[in-house]
$ cat coords01.pdb   # PDB, C-alpha atoms
MODEL        1
ATOM      1  CA  MET A   5      15.641-249.667  66.088
ATOM      2  CA  ALA A   6      19.326-249.315  65.523
ATOM      3  CA  LYS A   7      21.582-248.794  68.479
ATOM      4  CA  GLN A   8      23.453-245.551  68.517
ATOM      5  CA  ASN A   9      27.075-245.736  69.465
ATOM      6  CA  LYS A  10      27.869-243.525  72.407
ATOM      7  CA  PRO A  11      30.927-241.355  71.887
ATOM      8  CA  ILE A  12      33.982-242.636  73.728
ATOM      9  CA  PRO A  13      35.657-240.018  75.903
ATOM     10  CA  ASP A  14      38.933-238.647  74.590
ATOM     11  CA  GLU A  15      40.793-239.903  77.629
ATOM     12  CA  GLU A  16      43.589-242.197  76.717
ATOM     13  CA  ILE A  17      44.702-244.727  79.268
ATOM     14  CA  ILE A  18      48.466-245.153  79.408
ATOM     15  CA  TYR A  19      49.634-248.522  80.612
ATOM     16  CA  VAL A  20      53.046-248.774  82.233
ATOM     17  CA  SER A  21      54.654-252.177  82.225
ATOM     18  CA  LYS A  22      56.029-253.764  85.347
ATOM     19  CA  SER A  23      59.495-253.865  83.756
ATOM     20  CA  GLU A  24      59.408-250.134  83.131
ATOM     21  CA  LEU A  25      58.464-249.498  86.756
ATOM     22  CA  LYS A  26      61.401-251.642  87.872
ATOM     23  CA  ARG A  27      63.812-249.779  85.582
ATOM     24  CA  ASP A  28      62.642-246.459  87.020
ATOM     25  CA  ALA A  29      63.100-247.781  90.555
ATOM     26  CA  GLN A  30      66.621-248.959  89.706
ATOM     27  CA  GLN A  31      67.505-245.561  88.238
ATOM     28  CA  TYR A  32      66.349-243.785  91.400
ATOM     29  CA  HIS A  33      68.262-246.292  93.526
ATOM     30  CA  GLN A  34      71.443-245.749  91.476
ATOM     31  CA  LEU A  35      71.037-241.975  91.762
ATOM     32  CA  ALA A  36      70.644-242.313  95.542
ATOM     33  CA  GLN A  37      73.846-244.358  95.746
ATOM     34  CA  ASP A  38      75.707-241.867  93.558
ATOM     35  CA  LEU A  39      74.571-238.982  95.752
ATOM     36  CA  ALA A  40      75.538-240.774  98.957
ATOM     37  CA  ASN A  41      78.979-241.688  97.575
ATOM     38  CA  MET A  42      79.731-238.149  96.396
ATOM     39  CA  PRO A  43      82.114-235.966  98.380
ATOM     40  CA  LYS A  44      80.349-233.423 100.593
ATOM     41  CA  LYS A  45      81.803-230.446  98.688
ATOM     42  CA  GLN A  46      80.334-231.665  95.402
ATOM     43  CA  ARG A  47      76.968-232.398  97.029
ATOM     44  CA  ASP A  48      76.795-228.828  98.323
ATOM     45  CA  LYS A  49      76.751-227.600  94.725
ATOM     46  CA  LEU A  50      73.675-229.682  93.836
ATOM     47  CA  PRO A  51      70.096-228.336  94.039
ATOM     48  CA  LEU A  52      69.023-230.735  96.819
ATOM     49  CA  SER A  53      65.886-230.293  98.915
ATOM     50  CA  ASP A  54      66.148-229.939 102.700
ATOM     51  CA  ASP A  55      64.998-233.547 103.206
ATOM     52  CA  LEU A  56      67.728-234.826 100.895
ATOM     53  CA  ILE A  57      70.394-232.704 102.584
ATOM     54  CA  GLU A  58      69.415-234.124 105.974
ATOM     55  CA  ALA A  59      69.386-237.644 104.527
ATOM     56  CA  MET A  60      72.901-237.141 103.147
ATOM     57  CA  VAL A  61      74.181-236.016 106.555
ATOM     58  CA  VAL A  62      72.769-239.180 108.127
ATOM     59  CA  ALA A  63      74.201-241.294 105.287
ATOM     60  CA  ASP A  64      77.666-239.893 105.988
ATOM     61  CA  LYS A  65      77.315-240.815 109.667
ATOM     62  CA  ILE A  66      76.129-244.409 109.163
ATOM     63  CA  ARG A  67      78.258-245.344 106.165
ATOM     64  CA  GLN A  68      80.191-247.940 108.212
ATOM     65  CA  LYS A  69      77.052-249.804 109.345
ATOM     66  CA  SER A  70      76.223-251.795 106.247
ATOM     67  CA  GLU A  71      72.626-252.869 106.930
ATOM     68  CA  ALA A  72      71.568-249.470 108.275
ATOM     69  CA  TYR A  73      73.293-247.782 105.339
ATOM     70  CA  ARG A  74      71.473-250.039 102.855
ATOM     71  CA  ARG A  75      68.106-249.208 104.436
ATOM     72  CA  HIS A  76      68.999-245.520 104.431
ATOM     73  CA  ILE A  77      69.831-245.670 100.706
ATOM     74  CA  ASN A  78      66.327-247.054 100.218
ATOM     75  CA  TYR A  79      64.963-244.089 102.182
ATOM     76  CA  ILE A  80      66.955-241.672  99.989
ATOM     77  CA  THR A  81      65.548-243.443  96.911
ATOM     78  CA  LYS A  82      62.008-242.939  98.214
ATOM     79  CA  THR A  83      62.746-239.274  98.936
ATOM     80  CA  LEU A  84      64.099-238.833  95.409
ATOM     81  CA  ARG A  85      60.887-240.260  93.941
ATOM     82  CA  LEU A  86      58.937-237.574  95.798
ATOM     83  CA  THR A  87      61.346-234.797  94.805
ATOM     84  CA  GLU A  88      60.276-232.582  91.922
ATOM     85  CA  ASN A  89      63.688-231.477  90.644
ATOM     86  CA  VAL A  90      65.286-234.883  90.000
ATOM     87  CA  ALA A  91      66.077-233.876  86.418
ATOM     88  CA  ASP A  92      67.968-230.792  87.678
ATOM     89  CA  ILE A  93      69.964-232.939  90.100
ATOM     90  CA  GLU A  94      70.863-235.436  87.367
ATOM     91  CA  ALA A  95      71.875-232.621  85.023
ATOM     92  CA  ALA A  96      74.129-231.070  87.688
ATOM     93  CA  ILE A  97      75.779-234.429  88.374
ATOM     94  CA  GLY A  98      76.293-234.949  84.648
ATOM     95  CA  LEU A  99      77.965-231.547  84.380
ATOM     96  CA  MET A 100      80.267-232.326  87.291
ATOM     97  CA  LEU A 101      81.316-235.633  85.762
ATOM     98  CA  ASN A 102      81.815-234.172  82.269
ATOM     99  CA  LYS A 103      83.670-231.057  83.366
ATOM    100  CA  ASN A 104      87.097-232.720  83.149
ATOM    101  CA  LYS A 105      86.381-234.156  79.710
ATOM    102  CA  GLN A 106      85.209-230.782  78.427
ATOM    103  CA  ALA A 107      88.357-229.119  79.775
ATOM    104  CA  ASP A 108      90.541-231.688  77.996
ATOM    105  CA  VAL A 109      88.742-231.053  74.712
ATOM    106  CA  LEU A 110      89.199-227.293  75.125
ATOM    107  CA  LEU A 111      92.919-227.660  75.903
ATOM    108  CA  ASN A 112      93.367-229.761  72.757
ATOM    109  CA  LYS A 113      91.576-227.050  70.772
ATOM    110  CA  ILE A 114      93.909-224.396  72.215
ATOM    111  CA  GLU A 115      96.936-226.478  71.205
ATOM    112  CA  LEU A 116      95.622-226.700  67.639
ATOM    113  CA  VAL A 117      95.027-222.938  67.540
ATOM    114  CA  ARG A 118      98.568-222.334  68.793
ATOM    115  CA  ASP A 119     100.025-224.551  66.066
ATOM    116  CA  GLU A 120      97.900-222.792  63.423
ATOM    117  CA  LEU A 121      99.067-219.408  64.720
ATOM    118  CA  ILE A 122     102.698-220.399  64.327
ATOM    119  CA  SER A 123     102.171-221.771  60.826
ATOM    120  CA  GLN A 124      99.754-219.119  59.428
ATOM    121  CA  GLY A 125     100.891-215.959  61.192
ATOM    122  CA  ASP A 126      99.037-212.625  60.925
ATOM    123  CA  SER A 127      95.951-213.879  59.116
ATOM    124  CA  LYS A 128      95.198-216.322  61.945
ATOM    125  CA  ILE A 129      95.994-213.655  64.567
ATOM    126  CA  ASN A 130      93.427-211.288  63.039
ATOM    127  CA  GLU A 131      90.820-214.038  62.919
ATOM    128  CA  LEU A 132      91.480-214.962  66.551
ATOM    129  CA  ILE A 133      91.339-211.367  67.771
ATOM    130  CA  ASP A 134      87.936-210.958  66.117
ATOM    131  CA  LYS A 135      86.736-214.028  67.998
ATOM    132  CA  TYR A 136      88.361-213.172  71.352
ATOM    133  CA  PRO A 137      88.598-209.391  71.856
ATOM    134  CA  ARG A 138      90.536-209.806  75.125
ATOM    135  CA  LEU A 139      93.638-210.771  73.160
ATOM    136  CA  GLU A 140      96.186-208.046  72.422
ATOM    137  CA  ARG A 141      97.431-207.954  68.831
ATOM    138  CA  GLN A 142     100.952-206.766  69.677
ATOM    139  CA  LYS A 143     101.514-209.377  72.368
ATOM    140  CA  MET A 144     100.118-212.118  70.098
ATOM    141  CA  ARG A 145     102.515-211.162  67.274
ATOM    142  CA  GLN A 146     105.437-211.064  69.665
ATOM    143  CA  LEU A 147     104.628-214.511  71.149
ATOM    144  CA  VAL A 148     104.024-216.075  67.727
ATOM    145  CA  ARG A 149     107.275-214.608  66.360
ATOM    146  CA  GLN A 150     109.222-215.853  69.382
ATOM    147  CA  ALA A 151     107.686-219.348  69.185
ATOM    148  CA  SER A 152     108.389-219.686  65.452
ATOM    149  CA  LYS A 153     112.022-218.549  65.922
ATOM    150  CA  GLU A 154     112.520-221.146  68.646
ATOM    151  CA  GLU A 155     110.939-223.821  66.479
ATOM    152  CA  LYS A 156     113.219-223.022  63.523
ATOM    153  CA  ALA A 157     116.348-222.873  65.710
ATOM    154  CA  GLN A 158     115.271-226.025  67.604
ATOM    155  CA  LYS A 159     115.711-224.268  70.941
ATOM    156  CA  PRO A 160     113.721-224.996  74.119
ATOM    157  CA  ALA A 161     110.073-224.065  73.618
ATOM    158  CA  LYS A 162     109.735-221.197  76.089
ATOM    159  CA  GLY A 163     107.788-218.942  73.715
ATOM    160  CA  TYR A 164     105.697-221.921  72.610
ATOM    161  CA  LYS A 165     104.598-222.466  76.213
ATOM    162  CA  GLU A 166     104.023-218.765  76.845
ATOM    163  CA  LEU A 167     101.802-218.550  73.767
ATOM    164  CA  PHE A 168      99.792-221.534  74.999
ATOM    165  CA  GLN A 169      99.338-219.969  78.456
ATOM    166  CA  TYR A 170      98.257-216.653  76.941
ATOM    167  CA  LEU A 171      95.708-218.376  74.702
ATOM    168  CA  LYS A 172      94.491-220.504  77.601
ATOM    169  CA  GLU A 173      93.809-217.412  79.745
ATOM    170  CA  ALA A 174      91.829-215.782  76.962
ATOM    171  CA  MET A 175      89.910-218.803  75.671
ATOM    172  CA  MET A 176      89.051-220.701  78.869
ATOM    173  CA  PRO A 177      85.776-219.674  80.507
TER     174      PRO A 177
ENDMDL
END

$ encode --input "coords01.pdb" --output "structure tokens"
Amino acid sequence: MAKQNKPIPDEEIIYVSKSELKRDAQQYHQLAQDLANMPKKQRDKLPLSDDLIEAMVVADKIRQKSEAYRRHINYITKTLRLTENVADIEAAIGLMLNKNKQADVLLNKIELVRDELISQGDSKINELIDKYPRLERQKMRQLVRQASKEEKAQKPAKGYKELFQYLKEAMMP
């Protein structure tokens, strides 16, 4: 008689290496340190659970006591492991840290648009008004005309700056 092979269940066992577990633990520990080192105003904007908020208050109080603070960071790390919205917290921190870089990029873009407006004139104004309906056509033409006159006469760039401020108000979120 031939043996019949029994079907193997479709369950797949996923093995996690010890190194991967350590990396995860280090990431949680780093996040706990970042949270504890953040200013209170920034922490208030994060989606923290009640346990984490209480832990942050205690961390602020014992910051000067190095051994107690180290143990408390470990407690915060453990609390983070049990928290469900760690990804949301990390995303919010990432946004806070990138906000300045994004603003710099946007300001550089506005400067380029201003220079294009001065060089191209009405065609660029029409294109920009289609994109940003808050802009007023008459005011844009006036500012562009004034900035180009100043540039040609090599006078102080008052209109140049005014045009930048007007664009900044309309284009910044």

$ atom_distance --input "coords01.pdb" --atom1 "CA of Leu116 (chain A)" --atom2 "CA of Ala96 (chain A)"
29.7 Å

$ atom_distance --input "coords01.pdb" --atom1 "CA of Tyr164 (chain A)" --atom2 "CA of Asn130 (chain A)"
18.8 Å

$ closest_residue --input "coords01.pdb" --among "A:Arg67, A:Lys128, A:Lys82, A:Lys172" --to "Asn41 (chain A)" --atoms "only C-alpha atoms"
A:Arg67

$ resolve_selection --input "coords01.pdb" --expression "the PyMOL selection byres ((chain A and resi 45-51) around 12)" --output "PDB file with C-alpha atoms, in the frame of the given file"
ATOM      1  CA  ALA A  36      70.644-242.313  95.542  1.00  0.00           C
ATOM      2  CA  ASP A  38      75.707-241.867  93.558  1.00  0.00           C
ATOM      3  CA  LEU A  39      74.571-238.982  95.752  1.00  0.00           C
ATOM      4  CA  ALA A  40      75.538-240.774  98.957  1.00  0.00           C
ATOM      5  CA  ASN A  41      78.979-241.688  97.575  1.00  0.00           C
ATOM      6  CA  MET A  42      79.731-238.149  96.396  1.00  0.00           C
ATOM      7  CA  PRO A  43      82.114-235.966  98.380  1.00  0.00           C
ATOM      8  CA  LYS A  44      80.349-233.423 100.593  1.00  0.00           C
ATOM      9  CA  LEU A  52      69.023-230.735  96.819  1.00  0.00           C
ATOM     10  CA  SER A  53      65.886-230.293  98.915  1.00  0.00           C
ATOM     11  CA  ASP A  54      66.148-229.939 102.700  1.00  0.00           C
ATOM     12  CA  ASP A  55      64.998-233.547 103.206  1.00  0.00           C
ATOM     13  CA  LEU A  56      67.728-234.826 100.895  1.00  0.00           C
ATOM     14  CA  ILE A  57      70.394-232.704 102.584  1.00  0.00           C
ATOM     15  CA  GLU A  58      69.415-234.124 105.974  1.00  0.00           C
ATOM     16  CA  ALA A  59      69.386-237.644 104.527  1.00  0.00           C
ATOM     17  CA  MET A  60      72.901-237.141 103.147  1.00  0.00           C
ATOM     18  CA  VAL A  61      74.181-236.016 106.555  1.00  0.00           C
ATOM     19  CA  ASP A  64      77.666-239.893 105.988  1.00  0.00           C
ATOM     20  CA  THR A  87      61.346-234.797  94.805  1.00  0.00           C
ATOM     21  CA  GLU A  88      60.276-232.582  91.922  1.00  0.00           C
ATOM     22  CA  ASN A  89      63.688-231.477  90.644  1.00  0.00           C
ATOM     23  CA  VAL A  90      65.286-234.883  90.000  1.00  0.00           C
ATOM     24  CA  ALA A  91      66.077-233.876  86.418  1.00  0.00           C
ATOM     25  CA  ASP A  92      67.968-230.792  87.678  1.00  0.00           C
ATOM     26  CA  ILE A  93      69.964-232.939  90.100  1.00  0.00           C
ATOM     27  CA  GLU A  94      70.863-235.436  87.367  1.00  0.00           C
ATOM     28  CA  ALA A  95      71.875-232.621  85.023  1.00  0.00           C
ATOM     29  CA  ALA A  96      74.129-231.070  87.688  1.00  0.00           C
ATOM     30  CA  ILE A  97      75.779-234.429  88.374  1.00  0.00           C
ATOM     31  CA  GLY A  98      76.293-234.949  84.648  1.00  0.00           C
ATOM     32  CA  LEU A  99      77.965-231.547  84.380  1.00  0.00           C
ATOM     33  CA  MET A 100      80.267-232.326  87.291  1.00  0.00           C
ATOM     34  CA  LEU A 101      81.316-235.633  85.762  1.00  0.00           C
TER      35      LEU A 101
END

$ closest_atom_pairs --input "coords01.pdb" --of "region 19-135 of chain A" --to "region 145-158 of chain A" --cutoff "12 Å" --atoms "all atoms listed in the file" --output "JSON lines"
{"residue": "A:Val117", "atom": "CA", "partner": "A:Val148", "partner_atom": "CA", "distance": 11.3}
{"residue": "A:Arg118", "atom": "CA", "partner": "A:Val148", "partner_atom": "CA", "distance": 8.4}
{"residue": "A:Asp119", "atom": "CA", "partner": "A:Val148", "partner_atom": "CA", "distance": 9.5}
{"residue": "A:Glu120", "atom": "CA", "partner": "A:Val148", "partner_atom": "CA", "distance": 10.1}
{"residue": "A:Leu121", "atom": "CA", "partner": "A:Val148", "partner_atom": "CA", "distance": 6.7}
{"residue": "A:Ile122", "atom": "CA", "partner": "A:Val148", "partner_atom": "CA", "distance": 5.7}
{"residue": "A:Ser123", "atom": "CA", "partner": "A:Ser152", "partner_atom": "CA", "distance": 8.0}
{"residue": "A:Gln124", "atom": "CA", "partner": "A:Val148", "partner_atom": "CA", "distance": 9.8}
{"residue": "A:Gly125", "atom": "CA", "partner": "A:Val148", "partner_atom": "CA", "distance": 7.2}
{"residue": "A:Asp126", "atom": "CA", "partner": "A:Arg145", "partner_atom": "CA", "distance": 7.4}
{"residue": "A:Ser127", "atom": "CA", "partner": "A:Arg145", "partner_atom": "CA", "distance": 10.8}
{"residue": "A:Lys128", "atom": "CA", "partner": "A:Arg145", "partner_atom": "CA", "distance": 10.4}
{"residue": "A:Ile129", "atom": "CA", "partner": "A:Arg145", "partner_atom": "CA", "distance": 7.5}
{"residue": "A:Asn130", "atom": "CA", "partner": "A:Arg145", "partner_atom": "CA", "distance": 10.0}
{"residue": "A:Leu132", "atom": "CA", "partner": "A:Arg145", "partner_atom": "CA", "distance": 11.7}
{"residue": "A:Ile133", "atom": "CA", "partner": "A:Arg145", "partner_atom": "CA", "distance": 11.2}

$ atom_distance --input "coords01.pdb" --atom1 "CA of Glu173 (chain A)" --atom2 "CA of Asn112 (chain A)"
14.2 Å

$ build_atoms --input "coords01.pdb" --residues "region 30-63 of chain A" --atoms "N, CA and C atoms" --output "compact mmCIF listing (two decimals), keeping the file's coordinate frame"
# COMPACT_ATOMS: atom_id res chain seq x y z
N GLN A 30 65.17 -248.74 89.71
CA GLN A 30 66.62 -248.96 89.71
C GLN A 30 67.39 -247.67 89.41
N GLN A 31 66.85 -246.84 88.54
CA GLN A 31 67.50 -245.56 88.24
C GLN A 31 67.52 -244.65 89.47
N TYR A 32 66.39 -244.59 90.18
CA TYR A 32 66.35 -243.78 91.40
C TYR A 32 67.31 -244.34 92.44
N HIS A 33 67.36 -245.67 92.56
CA HIS A 33 68.26 -246.29 93.53
C HIS A 33 69.72 -245.98 93.19
N GLN A 34 70.07 -246.05 91.90
CA GLN A 34 71.44 -245.75 91.48
C GLN A 34 71.78 -244.28 91.75
N LEU A 35 70.82 -243.40 91.49
CA LEU A 35 71.04 -241.98 91.76
C LEU A 35 71.26 -241.75 93.26
N ALA A 36 70.48 -242.44 94.09
CA ALA A 36 70.64 -242.31 95.54
C ALA A 36 72.03 -242.77 95.97
N GLN A 37 72.51 -243.87 95.41
CA GLN A 37 73.85 -244.36 95.75
C GLN A 37 74.92 -243.38 95.27
N ASP A 38 74.74 -242.84 94.08
CA ASP A 38 75.71 -241.87 93.56
C ASP A 38 75.77 -240.63 94.45
N LEU A 39 74.60 -240.16 94.88
CA LEU A 39 74.57 -238.98 95.75
C LEU A 39 75.25 -239.27 97.09
N ALA A 40 74.97 -240.43 97.65
CA ALA A 40 75.54 -240.77 98.96
C ALA A 40 77.05 -240.98 98.87
N ASN A 41 77.55 -241.44 97.74
CA ASN A 41 78.98 -241.69 97.58
C ASN A 41 79.77 -240.44 97.17
N MET A 42 79.06 -239.38 96.82
CA MET A 42 79.73 -238.15 96.40
C MET A 42 80.40 -237.45 97.57
N PRO A 43 81.51 -236.79 97.32
CA PRO A 43 82.11 -235.97 98.38
C PRO A 43 81.17 -234.83 98.79
N LYS A 44 81.26 -234.44 100.05
CA LYS A 44 80.35 -233.42 100.59
C LYS A 44 80.44 -232.10 99.83
N LYS A 45 81.63 -231.72 99.41
CA LYS A 45 81.80 -230.45 98.69
C LYS A 45 81.04 -230.45 97.36
N GLN A 46 81.07 -231.58 96.67
CA GLN A 46 80.33 -231.66 95.40
C GLN A 46 78.83 -231.66 95.65
N ARG A 47 78.40 -232.35 96.71
CA ARG A 47 76.97 -232.40 97.03
C ARG A 47 76.42 -231.02 97.36
N ASP A 48 77.25 -230.18 97.96
CA ASP A 48 76.80 -228.83 98.32
C ASP A 48 76.44 -228.00 97.09
N LYS A 49 77.01 -228.35 95.96
CA LYS A 49 76.75 -227.60 94.72
C LYS A 49 75.46 -228.04 94.03
N LEU A 50 74.87 -229.15 94.48
CA LEU A 50 73.68 -229.68 93.84
C LEU A 50 72.41 -229.03 94.39
N PRO A 51 71.35 -228.93 93.58
CA PRO A 51 70.10 -228.34 94.04
C PRO A 51 69.25 -229.35 94.82
N LEU A 52 69.72 -229.74 96.01
CA LEU A 52 69.02 -230.74 96.82
C LEU A 52 68.00 -230.07 97.73
N SER A 53 66.90 -230.79 97.98
CA SER A 53 65.89 -230.29 98.92
C SER A 53 66.41 -230.47 100.34
N ASP A 54 65.72 -229.85 101.30
CA ASP A 54 66.15 -229.94 102.70
C ASP A 54 66.12 -231.39 103.20
N ASP A 55 65.08 -232.14 102.79
CA ASP A 55 65.00 -233.55 103.21
C ASP A 55 66.19 -234.34 102.70
N LEU A 56 66.59 -234.10 101.46
CA LEU A 56 67.73 -234.83 100.90
C LEU A 56 69.04 -234.42 101.56
N ILE A 57 69.17 -233.16 101.90
CA ILE A 57 70.39 -232.70 102.58
C ILE A 57 70.52 -233.39 103.93
N GLU A 58 69.40 -233.44 104.67
CA GLU A 58 69.42 -234.12 105.97
C GLU A 58 69.72 -235.61 105.80
N ALA A 59 69.15 -236.22 104.77
CA ALA A 59 69.39 -237.64 104.53
C ALA A 59 70.85 -237.90 104.19
N MET A 60 71.49 -236.97 103.49
CA MET A 60 72.90 -237.14 103.15
C MET A 60 73.78 -237.03 104.39
N VAL A 61 73.41 -236.15 105.31
CA VAL A 61 74.18 -236.02 106.56
C VAL A 61 74.12 -237.33 107.34
N VAL A 62 72.93 -237.91 107.42
CA VAL A 62 72.77 -239.18 108.13
C VAL A 62 73.54 -240.28 107.39
N ALA A 63 73.49 -240.27 106.06
CA ALA A 63 74.20 -241.29 105.29
C ALA A 63 75.70 -241.23 105.56
